[in-house]
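data-v6.cif follows (mmCIF, C-alpha atoms (C1' of nucleotides)):
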```
data_entry
loop_
_atom_site.label_atom_id
_atom_site.label_comp_id
_atom_site.auth_asym_id
_atom_site.auth_seq_id
_atom_site.Cartn_x
_atom_site.Cartn_y
_atom_site.Cartn_z
CA MET A 165 -108.37 -52.72 -7.87
CA ALA A 166 -106.70 -51.97 -4.57
CA GLY A 167 -105.30 -48.67 -5.74
CA ARG A 168 -106.40 -45.25 -4.52
CA ARG A 169 -110.16 -44.93 -3.88
CA SER A 170 -112.72 -42.21 -4.35
CA ALA A 171 -113.54 -39.88 -1.49
CA ALA A 172 -116.83 -41.70 -0.86
CA GLU A 173 -115.14 -45.08 -0.76
CA ALA A 174 -112.52 -43.71 1.59
CA ARG A 175 -115.25 -42.52 3.96
CA ASP A 176 -116.87 -45.95 3.92
CA THR A 177 -113.56 -47.58 4.68
CA ARG A 178 -112.92 -45.13 7.48
CA ALA A 179 -116.28 -45.92 9.04
CA LYS A 180 -115.65 -49.64 8.73
CA ILE A 181 -112.29 -49.28 10.43
CA LEU A 182 -113.75 -47.24 13.27
CA ARG A 183 -116.58 -49.70 13.94
CA ARG A 184 -114.11 -52.51 14.26
CA ALA A 185 -111.72 -50.39 16.27
CA ALA A 186 -114.46 -49.67 18.80
CA ASP A 187 -115.30 -53.37 19.03
CA VAL A 188 -111.68 -54.31 19.62
CA ALA A 189 -110.98 -51.46 22.04
CA SER A 190 -114.09 -52.18 24.10
CA ALA A 191 -112.66 -55.59 24.92
CA ASP A 192 -108.91 -55.04 24.85
CA GLY A 193 -108.61 -51.35 25.61
CA LEU A 194 -107.72 -48.36 23.49
CA GLU A 195 -104.06 -49.19 23.98
CA GLY A 196 -104.57 -52.86 23.15
CA LEU A 197 -105.96 -51.73 19.84
CA THR A 198 -103.20 -52.40 17.31
CA ILE A 199 -102.98 -51.43 13.70
CA GLY A 200 -101.74 -54.84 12.62
CA ARG A 201 -104.61 -56.68 14.28
CA LEU A 202 -107.16 -54.28 12.84
CA ALA A 203 -105.63 -54.73 9.40
CA SER A 204 -105.78 -58.50 9.50
CA GLU A 205 -109.34 -58.57 10.86
CA LEU A 206 -110.45 -56.22 8.10
CA ASP A 207 -108.37 -57.92 5.40
CA MET A 208 -106.49 -54.74 4.78
CA SER A 209 -102.88 -53.69 4.86
CA LYS A 210 -101.55 -51.85 7.89
CA ALA A 211 -100.79 -48.88 5.67
CA GLY A 212 -104.40 -48.85 4.54
CA VAL A 213 -105.61 -48.71 8.12
CA ILE A 214 -103.22 -46.15 9.46
CA GLY A 215 -103.25 -44.04 6.30
CA GLN A 216 -106.79 -42.93 7.15
CA PHE A 217 -105.69 -41.47 10.44
CA GLY A 218 -102.00 -40.71 10.34
CA SER A 219 -101.10 -42.17 13.69
CA LYS A 220 -102.37 -44.57 16.30
CA GLU A 221 -103.23 -41.67 18.58
CA GLU A 222 -105.48 -40.15 15.91
CA LEU A 223 -107.11 -43.53 15.44
CA GLN A 224 -107.73 -43.71 19.19
CA LEU A 225 -109.24 -40.23 19.22
CA ALA A 226 -111.51 -41.02 16.28
CA THR A 227 -112.60 -44.26 17.94
CA LEU A 228 -113.39 -42.38 21.12
CA ALA A 229 -115.41 -39.82 19.17
CA LEU A 230 -117.45 -42.61 17.57
CA ALA A 231 -118.08 -44.26 20.92
CA ALA A 232 -119.19 -40.96 22.45
CA GLU A 233 -121.58 -40.39 19.57
CA ILE A 234 -123.08 -43.87 19.93
CA PHE A 235 -123.43 -43.39 23.69
CA ARG A 236 -125.29 -40.16 23.16
CA GLY A 237 -127.49 -41.74 20.52
CA ARG A 238 -128.47 -44.62 22.77
CA VAL A 239 -128.68 -42.90 26.14
CA TRP A 240 -129.50 -39.24 25.62
CA GLU A 241 -131.33 -38.87 22.32
CA PRO A 242 -134.17 -41.28 23.16
CA VAL A 243 -135.13 -39.15 26.18
CA GLU A 244 -134.22 -35.68 24.94
CA HIS A 245 -137.83 -34.84 24.10
CA LEU A 246 -139.06 -35.43 27.67
CA PRO A 247 -139.65 -32.53 30.09
CA ALA A 248 -136.42 -31.43 31.75
CA GLY A 249 -135.91 -32.31 35.41
CA LEU A 250 -136.71 -35.47 37.30
CA PRO A 251 -138.80 -37.15 34.57
CA ARG A 252 -136.01 -36.89 32.04
CA LEU A 253 -133.43 -37.84 34.64
CA LEU A 254 -135.30 -41.03 35.45
CA ALA A 255 -135.63 -41.79 31.76
CA VAL A 256 -131.87 -41.33 31.37
CA CYS A 257 -131.31 -43.87 34.14
CA GLU A 258 -133.43 -46.32 32.21
CA SER A 259 -131.85 -45.81 28.81
CA TRP A 260 -128.42 -45.83 30.43
CA THR A 261 -129.15 -49.11 32.16
CA ARG A 262 -130.50 -50.62 28.95
CA TYR A 263 -127.34 -49.48 27.23
CA ALA A 264 -125.21 -51.10 29.92
CA LYS A 265 -127.21 -54.32 29.71
CA LYS A 266 -127.03 -54.55 25.93
CA PRO A 267 -123.91 -52.61 25.05
CA PRO A 268 -123.20 -51.75 21.42
CA PHE A 269 -119.70 -53.19 21.72
CA PRO A 270 -118.70 -56.71 22.71
CA GLY A 271 -116.53 -55.51 25.59
CA GLY A 272 -119.22 -53.37 27.20
CA CYS A 273 -119.28 -49.63 27.65
CA PHE A 274 -116.31 -48.18 25.91
CA ILE A 275 -116.25 -44.88 27.78
CA ALA A 276 -116.28 -46.50 31.20
CA ALA A 277 -113.46 -48.87 30.29
CA ALA A 278 -111.40 -46.09 28.70
CA SER A 279 -111.91 -43.84 31.73
CA PHE A 280 -110.27 -46.41 33.96
CA GLU A 281 -107.63 -47.23 31.38
CA PHE A 282 -106.52 -43.67 30.78
CA ASP A 283 -107.15 -41.97 34.11
CA GLY A 284 -103.55 -42.44 35.15
CA ARG A 285 -101.95 -41.39 31.88
CA SER A 286 -101.36 -38.11 30.15
CA GLY A 287 -101.77 -37.07 26.56
CA ARG A 288 -104.45 -36.21 24.08
CA VAL A 289 -106.57 -39.31 24.60
CA HIS A 290 -106.70 -38.66 28.33
CA ASP A 291 -107.60 -35.03 27.73
CA GLU A 292 -110.31 -35.76 25.18
CA LEU A 293 -111.78 -38.47 27.36
CA ALA A 294 -111.92 -36.07 30.28
CA LYS A 295 -113.75 -33.58 28.07
CA VAL A 296 -116.32 -36.11 26.90
CA VAL A 297 -117.08 -37.34 30.40
CA LYS A 298 -117.16 -33.84 31.84
CA ARG A 299 -119.69 -32.80 29.22
CA TRP A 300 -121.91 -35.72 30.21
CA ARG A 301 -121.56 -34.92 33.89
CA LYS A 302 -122.60 -31.35 33.22
CA THR A 303 -125.67 -32.53 31.37
CA LEU A 304 -126.61 -34.66 34.35
CA ALA A 305 -125.87 -31.95 36.90
CA ALA A 306 -127.91 -29.40 34.92
CA GLU A 307 -130.81 -31.82 34.91
CA VAL A 308 -130.52 -32.21 38.68
CA GLU A 309 -130.51 -28.44 39.09
CA THR A 310 -133.67 -28.17 37.06
CA ALA A 311 -135.30 -30.85 39.20
CA VAL A 312 -134.28 -29.01 42.37
CA ARG A 313 -135.71 -25.72 41.09
CA ALA A 314 -138.92 -27.55 40.21
CA GLY A 315 -139.07 -28.95 43.72
CA GLU A 316 -138.76 -32.51 42.41
CA LEU A 317 -135.58 -33.02 44.39
CA GLY A 318 -134.72 -31.66 47.84
CA ALA A 319 -133.26 -28.16 48.03
CA ASP A 320 -130.11 -29.53 49.71
CA THR A 321 -129.32 -31.80 46.74
CA ASP A 322 -125.77 -31.39 45.43
CA PRO A 323 -125.90 -31.72 41.62
CA ASP A 324 -122.25 -32.75 41.30
CA GLN A 325 -122.68 -35.32 44.02
CA VAL A 326 -125.67 -36.82 42.23
CA ALA A 327 -123.94 -36.78 38.84
CA PHE A 328 -120.93 -38.55 40.35
CA SER A 329 -123.12 -41.20 41.97
CA LEU A 330 -125.16 -41.93 38.87
CA GLU A 331 -122.07 -42.27 36.75
CA ALA A 332 -120.29 -44.55 39.20
CA LEU A 333 -123.33 -46.78 39.52
CA ALA A 334 -123.79 -47.01 35.77
CA ALA A 335 -120.11 -47.79 35.19
CA GLY A 336 -120.16 -50.44 37.92
CA ALA A 337 -122.55 -52.56 35.90
CA ASN A 338 -119.76 -53.28 33.44
CA PRO A 339 -117.36 -55.35 35.53
CA ALA A 340 -120.31 -56.82 37.44
CA ARG A 341 -121.77 -58.23 34.28
CA GLN A 342 -118.58 -59.15 32.47
CA LEU A 343 -116.23 -60.10 35.26
CA HIS A 344 -118.64 -61.92 37.53
CA GLY A 345 -121.41 -62.79 35.11
CA ASP A 346 -123.93 -61.05 37.36
CA THR A 347 -127.15 -61.10 35.39
CA SER A 348 -128.72 -58.74 37.92
CA ALA A 349 -126.05 -56.09 37.38
CA ALA A 350 -128.32 -53.85 35.32
CA SER A 351 -131.14 -54.06 37.83
CA TRP A 352 -128.81 -53.36 40.77
CA SER A 353 -127.55 -50.40 38.86
CA LEU A 354 -131.01 -49.03 38.10
CA ARG A 355 -132.31 -49.51 41.64
CA ALA A 356 -129.27 -47.81 43.11
CA MET A 357 -129.73 -44.89 40.72
CA HIS A 358 -133.36 -44.63 41.73
CA ALA A 359 -132.35 -44.59 45.38
CA VAL A 360 -129.93 -41.73 44.67
CA LEU A 361 -132.83 -39.80 43.15
CA GLY A 362 -135.08 -40.59 46.08
CA VAL A 363 -137.36 -42.84 44.08
CA PRO A 364 -138.51 -45.77 46.19
CA ALA A 365 -137.58 -49.18 44.79
CA PRO A 366 -140.34 -51.68 44.11
CA LYS A 367 -140.20 -54.44 46.76
CA ALA A 368 -138.26 -57.50 45.58
CA ALA A 369 -137.82 -58.37 41.89
CA MET B 44 -71.26 -60.52 41.35
CA ALA B 45 -74.45 -60.76 39.30
CA GLY B 46 -74.42 -64.55 39.25
CA ARG B 47 -76.97 -66.78 40.96
CA ARG B 48 -78.24 -65.47 44.32
CA SER B 49 -79.16 -67.06 47.60
CA ALA B 50 -82.79 -67.94 48.29
CA ALA B 51 -83.14 -64.93 50.59
CA GLU B 52 -81.73 -62.55 48.00
CA ALA B 53 -84.02 -64.03 45.39
CA ARG B 54 -87.01 -63.33 47.62
CA ASP B 55 -85.94 -59.72 48.09
CA THR B 56 -85.57 -59.31 44.37
CA ARG B 57 -88.96 -60.85 43.78
CA ALA B 58 -90.57 -58.44 46.22
CA LYS B 59 -88.81 -55.48 44.61
CA ILE B 60 -90.01 -56.55 41.17
CA LEU B 61 -93.59 -56.93 42.36
CA ARG B 62 -93.68 -53.52 44.03
CA ARG B 63 -92.59 -51.89 40.84
CA ALA B 64 -94.88 -54.05 38.76
CA ALA B 65 -97.85 -52.90 40.83
CA ASP B 66 -96.79 -49.25 40.42
CA VAL B 67 -96.48 -49.61 36.67
CA ALA B 68 -99.65 -51.65 36.24
CA SER B 69 -101.72 -49.24 38.32
CA ALA B 70 -100.98 -46.53 35.78
CA ASP B 71 -100.60 -48.43 32.51
CA GLY B 72 -102.63 -51.56 33.14
CA LEU B 73 -101.68 -55.16 33.78
CA GLU B 74 -101.30 -55.65 30.05
CA GLY B 75 -99.24 -52.50 29.65
CA LEU B 76 -96.83 -53.95 32.14
CA THR B 77 -93.87 -55.15 30.08
CA ILE B 78 -90.88 -57.17 31.14
CA GLY B 79 -88.45 -54.95 29.27
CA ARG B 80 -89.69 -51.79 30.90
CA LEU B 81 -89.64 -53.35 34.32
CA ALA B 82 -86.09 -54.56 33.72
CA SER B 83 -84.80 -51.17 32.69
CA GLU B 84 -86.53 -49.37 35.57
CA LEU B 85 -85.04 -51.85 38.02
CA ASP B 86 -81.63 -51.93 36.33
CA MET B 87 -81.97 -55.62 35.72
CA SER B 88 -81.92 -57.86 32.71
CA LYS B 89 -85.20 -59.07 31.24
CA ALA B 90 -84.16 -62.63 32.02
CA GLY B 91 -83.67 -61.65 35.64
CA VAL B 92 -87.16 -60.23 35.84
CA ILE B 93 -89.02 -62.99 34.05
CA GLY B 94 -86.91 -65.77 35.56
CA GLN B 95 -88.61 -65.17 38.91
CA PHE B 96 -92.02 -65.87 37.47
CA GLY B 97 -91.67 -67.97 34.35
CA SER B 98 -94.06 -66.00 32.20
CA LYS B 99 -95.74 -62.64 31.93
CA GLU B 100 -99.03 -64.18 32.98
CA GLU B 101 -97.48 -65.48 36.21
CA LEU B 102 -96.03 -62.03 36.82
CA GLN B 103 -99.48 -60.50 36.32
CA LEU B 104 -101.02 -63.00 38.74
CA ALA B 105 -98.36 -62.34 41.36
CA THR B 106 -98.83 -58.59 40.96
CA LEU B 107 -102.57 -58.98 41.40
CA ALA B 108 -102.01 -61.06 44.53
CA LEU B 109 -99.81 -58.34 45.99
CA ALA B 110 -102.35 -55.65 45.19
CA ALA B 111 -105.15 -57.67 46.78
CA GLU B 112 -103.05 -58.13 49.92
CA ILE B 113 -102.31 -54.41 50.14
CA PHE B 114 -105.98 -53.56 49.60
CA ARG B 115 -106.97 -55.88 52.41
CA GLY B 116 -104.28 -54.48 54.66
CA ARG B 117 -105.41 -50.89 54.11
CA VAL B 118 -109.17 -51.31 53.93
CA TRP B 119 -110.18 -54.37 55.91
CA GLU B 120 -107.55 -55.00 58.56
CA PRO B 121 -107.83 -51.57 60.22
CA VAL B 122 -111.53 -52.19 60.95
CA GLU B 123 -111.56 -55.94 61.47
CA HIS B 124 -111.62 -55.58 65.25
CA LEU B 125 -114.85 -53.56 65.25
CA PRO B 126 -118.21 -55.14 66.04
CA ALA B 127 -119.70 -56.81 62.97
CA GLY B 128 -122.65 -55.14 61.25
CA LEU B 129 -123.31 -51.49 60.54
CA PRO B 130 -120.48 -50.04 62.67
CA ARG B 131 -117.86 -52.09 60.86
CA LEU B 132 -119.53 -51.44 57.52
CA LEU B 133 -119.35 -47.69 58.08
CA ALA B 134 -115.73 -48.02 59.13
CA VAL B 135 -115.01 -49.93 55.92
CA CYS B 136 -116.50 -47.09 53.91
CA GLU B 137 -114.14 -44.71 55.62
CA SER B 138 -110.98 -46.78 55.26
CA TRP B 139 -111.96 -47.54 51.67
CA THR B 140 -112.43 -43.87 50.90
CA ARG B 141 -109.12 -43.00 52.55
CA TYR B 142 -107.51 -45.70 50.45
CA ALA B 143 -109.07 -44.27 47.29
CA LYS B 144 -107.95 -40.78 48.21
CA LYS B 145 -104.38 -41.76 49.01
CA PRO B 146 -103.84 -44.88 46.94
CA PRO B 147 -100.72 -47.00 47.51
CA PHE B 148 -99.95 -46.94 43.79
CA PRO B 149 -99.41 -43.94 41.55
CA GLY B 150 -102.19 -44.95 39.16
CA GLY B 151 -104.85 -45.34 41.85
CA CYS B 152 -106.66 -48.47 42.91
CA PHE B 153 -105.20 -51.36 41.07
CA ILE B 154 -108.13 -53.72 41.52
CA ALA B 155 -110.66 -51.26 40.14
CA ALA B 156 -108.54 -50.52 37.09
CA ALA B 157 -107.83 -54.20 36.46
CA SER B 158 -111.53 -55.07 36.80
CA PHE B 159 -112.38 -52.76 33.94
CA GLU B 160 -109.32 -53.79 31.96
CA PHE B 161 -109.95 -57.52 32.16
CA ASP B 162 -113.71 -57.78 32.36
CA GLY B 163 -114.00 -58.40 28.64
CA ARG B 164 -111.16 -60.90 28.38
CA SER B 165 -110.71 -64.52 29.25
CA GLY B 166 -107.87 -66.36 30.89
CA ARG B 167 -106.29 -66.85 34.28
CA VAL B 168 -105.91 -63.18 35.15
CA HIS B 169 -109.61 -62.57 34.47
CA ASP B 170 -110.54 -65.61 36.55
CA GLU B 171 -108.32 -64.73 39.48
CA LEU B 172 -109.50 -61.14 39.46
CA ALA B 173 -113.11 -62.32 39.52
CA LYS B 174 -112.27 -64.49 42.54
CA VAL B 175 -110.63 -61.65 44.43
CA VAL B 176 -113.48 -59.24 43.83
CA LYS B 177 -116.13 -61.85 44.57
CA ARG B 178 -114.47 -62.61 47.90
CA TRP B 179 -114.61 -58.92 48.79
CA ARG B 180 -118.24 -58.65 47.73
CA LYS B 181 -119.10 -61.60 49.92
CA THR B 182 -117.39 -59.97 52.87
CA LEU B 183 -119.48 -56.85 52.31
CA ALA B 184 -122.72 -58.75 51.77
CA ALA B 185 -122.15 -60.81 54.92
CA GLU B 186 -121.65 -57.61 56.87
CA VAL B 187 -124.90 -56.24 55.48
CA GLU B 188 -126.71 -59.42 56.50
CA THR B 189 -125.39 -59.09 60.02
CA ALA B 190 -126.58 -55.49 60.13
CA VAL B 191 -130.03 -56.55 58.90
CA ARG B 192 -130.30 -59.27 61.54
CA ALA B 193 -129.28 -56.74 64.18
CA GLY B 194 -132.00 -54.39 62.97
CA GLU B 195 -129.41 -51.78 61.97
CA LEU B 196 -130.59 -51.94 58.37
CA GLY B 197 -134.13 -52.43 57.05
CA ALA B 198 -135.38 -55.99 56.70
CA ASP B 199 -135.96 -55.48 52.98
CA THR B 200 -132.29 -54.65 52.36
CA ASP B 201 -130.73 -56.72 49.58
CA PRO B 202 -127.13 -57.51 50.59
CA ASP B 203 -125.92 -58.08 47.03
CA GLN B 204 -127.52 -54.84 45.94
CA VAL B 205 -125.74 -52.95 48.71
CA ALA B 206 -122.41 -54.64 48.04
CA PHE B 207 -122.68 -53.76 44.35
CA SER B 208 -123.50 -50.13 45.12
CA LEU B 209 -120.68 -49.66 47.60
CA GLU B 210 -118.17 -51.15 45.23
CA ALA B 211 -119.31 -49.09 42.26
CA LEU B 212 -119.21 -45.89 44.31
CA ALA B 213 -115.74 -46.64 45.66
CA ALA B 214 -114.40 -47.50 42.21
CA GLY B 215 -115.91 -44.35 40.73
CA ALA B 216 -113.62 -42.19 42.83
CA ASN B 217 -110.69 -43.35 40.69
CA PRO B 218 -111.49 -41.79 37.32
CA ALA B 219 -113.13 -38.85 39.08
CA ARG B 220 -109.90 -38.01 40.82
CA GLN B 221 -107.44 -38.92 38.11
CA LEU B 222 -109.31 -38.13 34.93
CA HIS B 223 -111.07 -34.98 35.98
CA GLY B 224 -108.92 -33.88 38.91
CA ASP B 225 -111.98 -33.80 41.14
CA THR B 226 -110.62 -33.15 44.59
CA SER B 227 -114.04 -33.87 46.07
CA ALA B 228 -114.15 -37.35 44.58
CA ALA B 229 -113.43 -39.09 47.87
CA SER B 230 -116.04 -37.09 49.73
CA TRP B 231 -118.67 -37.68 47.03
CA SER B 232 -117.86 -41.34 47.26
CA LEU B 233 -118.17 -41.46 51.05
CA ARG B 234 -121.41 -39.49 51.15
CA ALA B 235 -122.97 -41.69 48.48
CA MET B 236 -121.93 -44.79 50.43
CA HIS B 237 -123.47 -43.34 53.56
CA ALA B 238 -126.69 -42.68 51.68
CA VAL B 239 -126.76 -46.31 50.51
CA LEU B 240 -126.50 -47.37 54.14
CA GLY B 241 -129.22 -44.97 55.18
CA VAL B 242 -126.87 -42.75 57.14
CA PRO B 243 -127.87 -39.11 56.75
CA ALA B 244 -125.18 -36.90 55.25
CA PRO B 245 -124.02 -33.83 57.18
CA LYS B 246 -125.41 -30.70 55.52
CA ALA B 247 -122.94 -29.09 53.09
CA ALA B 248 -119.16 -29.55 53.34
"C1'" DC C 5 -79.47 -63.06 37.75
"C1'" DC C 6 -76.40 -62.13 33.50
"C1'" DT C 7 -75.25 -62.10 28.21
"C1'" DA C 8 -76.71 -63.20 23.92
"C1'" DC C 9 -79.99 -64.43 21.19
"C1'" DC C 10 -84.80 -66.01 18.86
"C1'" DG C 11 -89.12 -65.08 15.90
"C1'" DA C 12 -93.08 -62.13 16.10
"C1'" DT C 13 -95.17 -57.90 16.24
"C1'" DC C 14 -95.22 -53.01 17.19
"C1'" DG C 15 -96.07 -48.07 14.94
"C1'" DG C 16 -94.92 -45.96 11.00
"C1'" DT C 17 -92.92 -44.51 6.11
"C1'" DA C 18 -91.66 -44.43 0.98
"C1'" DG C 19 -93.51 -44.70 -3.15
"C1'" DG C 20 -96.87 -45.92 -6.36
"C1'" DC D 239 -105.19 -48.53 -0.26
"C1'" DC D 240 -101.21 -51.78 -1.66
"C1'" DT D 241 -96.20 -53.79 -1.33
"C1'" DA D 242 -92.07 -53.56 0.83
"C1'" DC D 243 -89.59 -52.06 4.21
"C1'" DC D 244 -87.57 -49.58 8.76
"C1'" DG D 245 -85.84 -49.67 13.77
"C1'" DA D 246 -87.67 -50.73 18.24
"C1'" DT D 247 -89.70 -53.64 21.36
"C1'" DC D 248 -92.35 -57.63 22.61
"C1'" DG D 249 -92.24 -62.32 25.46
"C1'" DG D 250 -89.26 -65.79 26.09
"C1'" DT D 251 -85.04 -69.26 25.95
"C1'" DA D 252 -80.18 -71.30 26.21
"C1'" DG D 253 -76.56 -71.64 28.93
"C1'" DG D 254 -73.65 -70.32 32.48
#
```

Give the structure from this file in structure tokens form.
Amino acid sequence: MAGRRSAAEARDTRAKILRRAADVASADGLEGLTIGRLASELDMSKAGVIGQFGSKEELQLATLALAAEIFRGRVWEPVEHLPAGLPRLLAVCESWTRYAKKPPFPGGCFIAAASFEFDGRSGRVHDELAKVVKRWRKTLAAEVETAVRAGELGADTDPDQVAFSLEALAAGANPARQLHGDTSAASWSLRAMHAVLGVPAPKAA
Amino acid sequence: MAGRRSAAEARDTRAKILRRAADVASADGLEGLTIGRLASELDMSKAGVIGQFGSKEELQLATLALAAEIFRGRVWEPVEHLPAGLPRLLAVCESWTRYAKKPPFPGGCFIAAASFEFDGRSGRVHDELAKVVKRWRKTLAAEVETAVRAGELGADTDPDQVAFSLEALAAGANPARQLHGDTSAASWSLRAMHAVLGVPAPKAA
DNA sequence: CCTACCGATCGGTAGG
DNA sequence: CCTACCGATCGGTAGG
């Protein structure tokens, strides 16, 4: 036991490491993620952890890729089948808000936290993060464009402006919930998103 | 030379350390702030740096206090003299946006970054940060209430909802500018804040 | 505010 | 994927 493993076992181990890495990084940041801590929490050796990835940076990139995949699975995939334009955009707001309210990681939305953590740095993690977020923004902006063409949103709507606003409002739910314990954070977030899209908010809660 | 210093010299040194600490922490986080790095950048010994504060946590708290003071000086104080309510609220949006566009620290707004960095942790830095942000939210919400009483905002306006939205939109300018290099981040932010306050945006840019 | 030092932990490697 | 190990750096202290 404890020697080299089969390819299938190695894949399992890799997945186990990444799950835990995402949990840790969601709370303590991608930089606060350390190989030694991961090893002890997983009852593995440091060499066993890092051997799967080669370097901490590769581990960070793989963790980011997992988080992006989970985000997509929880926010985009559930609404993908809906008609493009405003209906799907509103559904995204809802799945996004649900995601922010019950995040898959203990520290909340990983992407939002990492965006603020790495915005001032340089390197591959910064670059990859920028790519991931830009892709999501483009998805949102394209949806806004469709809604404008369908006449569901005003002709003077700026898709990039709307995409920026939605993202900022979604991200804001994170510190609101976790820093201040605001239980209404998700509902604030959703109502503000609705307002951006010109959907009237129901009176009171 | 290099022995004990007078009280006045010690104060100067303390201020110099904190300035640099805020610069470093704005880019690399309050946790990424290390005593050794600070010492070498300031051409001091580690003992000289930490001796002023006693522990890293105290240094983090002092850095946060400085950042909060600078924020207040750049965002609130310039508009404090204006009439309370919507006029002052709009002026806050402008000074806030200016602040986000030309931040006093290389890594952008310190408070926003720290909020996302520490929202999932516990301890004195988390608690103090929560206090600082809550104080600011209360200032905003009070201003909204004044505007509602003056009839400048609709009677069904929820002050906490508005405060949340403004803060999220201001914070969002940070990763937009630094992660994606969006030069329009500040203007997106301002226009979205205006929309929240029911102020019509000027057509196009 | 300095020198000199402490134990702990960092990322990572050699070799099996 | 483990043991055993590397140099570098971490936060912090003693003592002047």

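Using all atoms listed in the file, the nearest neighbour of chain B within the list A:Ser209, A:Thr261, A:Thr303, A:Ser190 is A:Ser190.
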
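Of note, atom CA of A:Val289 and atom CA of A:Ile275 are spaced 11.6 Å apart.
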
Which residues would end up in the selection if the PyMOL selection byres ((chain B) within 6 of (chain A)) were applied here, given that I need the answer as a PyMOL selection string? chain B and resi 70+150+156+158-159+162-163+173+204+211-212+215+218+221-223+231

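Here atom CA of A:Ala185 stands at a distance of 6.4 Å from atom CA of A:Thr227.
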
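Going from atom CA of A:Ala232 to atom CA of A:Glu258 covers 18.1 Å.
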
Spatial neighbours of A:Val256, max dist 8 Å, all atoms listed in the file, sep filter under 6 positions, as a VMD selection string: chain A and resid 239 to 240 243

Distance filter 12 Å, all atoms listed in the file, chain D against chain A, as an MDAnalysis selection string: chainID D and resid 239:243

Given all atoms listed in the file as the counted atoms, nearest of A:Gln224, A:Thr310, A:Ser170, A:Ala255 to A:Gly287: A:Gln224

Applying 12 Å and all atoms listed in the file, which residues near D:DC244 remain after dropping the ones on its own chain fewer than 3 positions away? List them as a ChimeraX atom specification. /C:14-18

Could you name the residues that touch A:Val312 at 12 Å or less, counting only C-alpha atoms (C1' of nucleotides), but leaving out those on the same chain fewer than 3 positions away, as a VMD selection string? chain A and resid 248 to 250 253 305 to 309 315 to 323 326 361

Could you write those residues out with C-alpha atoms, as a PDB file, in the frame of the given file?
```pdb
ATOM      1  CA  ALA A 248    -136.420 -31.430  31.750  1.00  0.00           C
ATOM      2  CA  GLY A 249    -135.910 -32.310  35.410  1.00  0.00           C
ATOM      3  CA  LEU A 250    -136.710 -35.470  37.300  1.00  0.00           C
ATOM      4  CA  LEU A 253    -133.430 -37.840  34.640  1.00  0.00           C
ATOM      5  CA  ALA A 305    -125.870 -31.950  36.900  1.00  0.00           C
ATOM      6  CA  ALA A 306    -127.910 -29.400  34.920  1.00  0.00           C
ATOM      7  CA  GLU A 307    -130.810 -31.820  34.910  1.00  0.00           C
ATOM      8  CA  VAL A 308    -130.520 -32.210  38.680  1.00  0.00           C
ATOM      9  CA  GLU A 309    -130.510 -28.440  39.090  1.00  0.00           C
ATOM     10  CA  GLY A 315    -139.070 -28.950  43.720  1.00  0.00           C
ATOM     11  CA  GLU A 316    -138.760 -32.510  42.410  1.00  0.00           C
ATOM     12  CA  LEU A 317    -135.580 -33.020  44.390  1.00  0.00           C
ATOM     13  CA  GLY A 318    -134.720 -31.660  47.840  1.00  0.00           C
ATOM     14  CA  ALA A 319    -133.260 -28.160  48.030  1.00  0.00           C
ATOM     15  CA  ASP A 320    -130.110 -29.530  49.710  1.00  0.00           C
ATOM     16  CA  THR A 321    -129.320 -31.800  46.740  1.00  0.00           C
ATOM     17  CA  ASP A 322    -125.770 -31.390  45.430  1.00  0.00           C
ATOM     18  CA  PRO A 323    -125.900 -31.720  41.620  1.00  0.00           C
ATOM     19  CA  VAL A 326    -125.670 -36.820  42.230  1.00  0.00           C
ATOM     20  CA  LEU A 361    -132.830 -39.800  43.150  1.00  0.00           C
TER      21      LEU A 361
END
```

The PyMOL selection byres ((chain B and resi 58) around 12) resolved against shown file, as a PyMOL selection string: chain B and resi 51-57+59-65+85+92+95-96+102+105-106+108-109

Put the listed atoms of stretch 6-15 of chain C in a box along x, y and z with 3 Å added on every side and give me the centre and edge lengths in Å to one decimal, as lines of an AutoDock Vina configuration file.
```
center_x = -85.7
center_y = -57.0
center_z = 24.2
size_x = 26.8
size_y = 23.9
size_z = 24.6
```
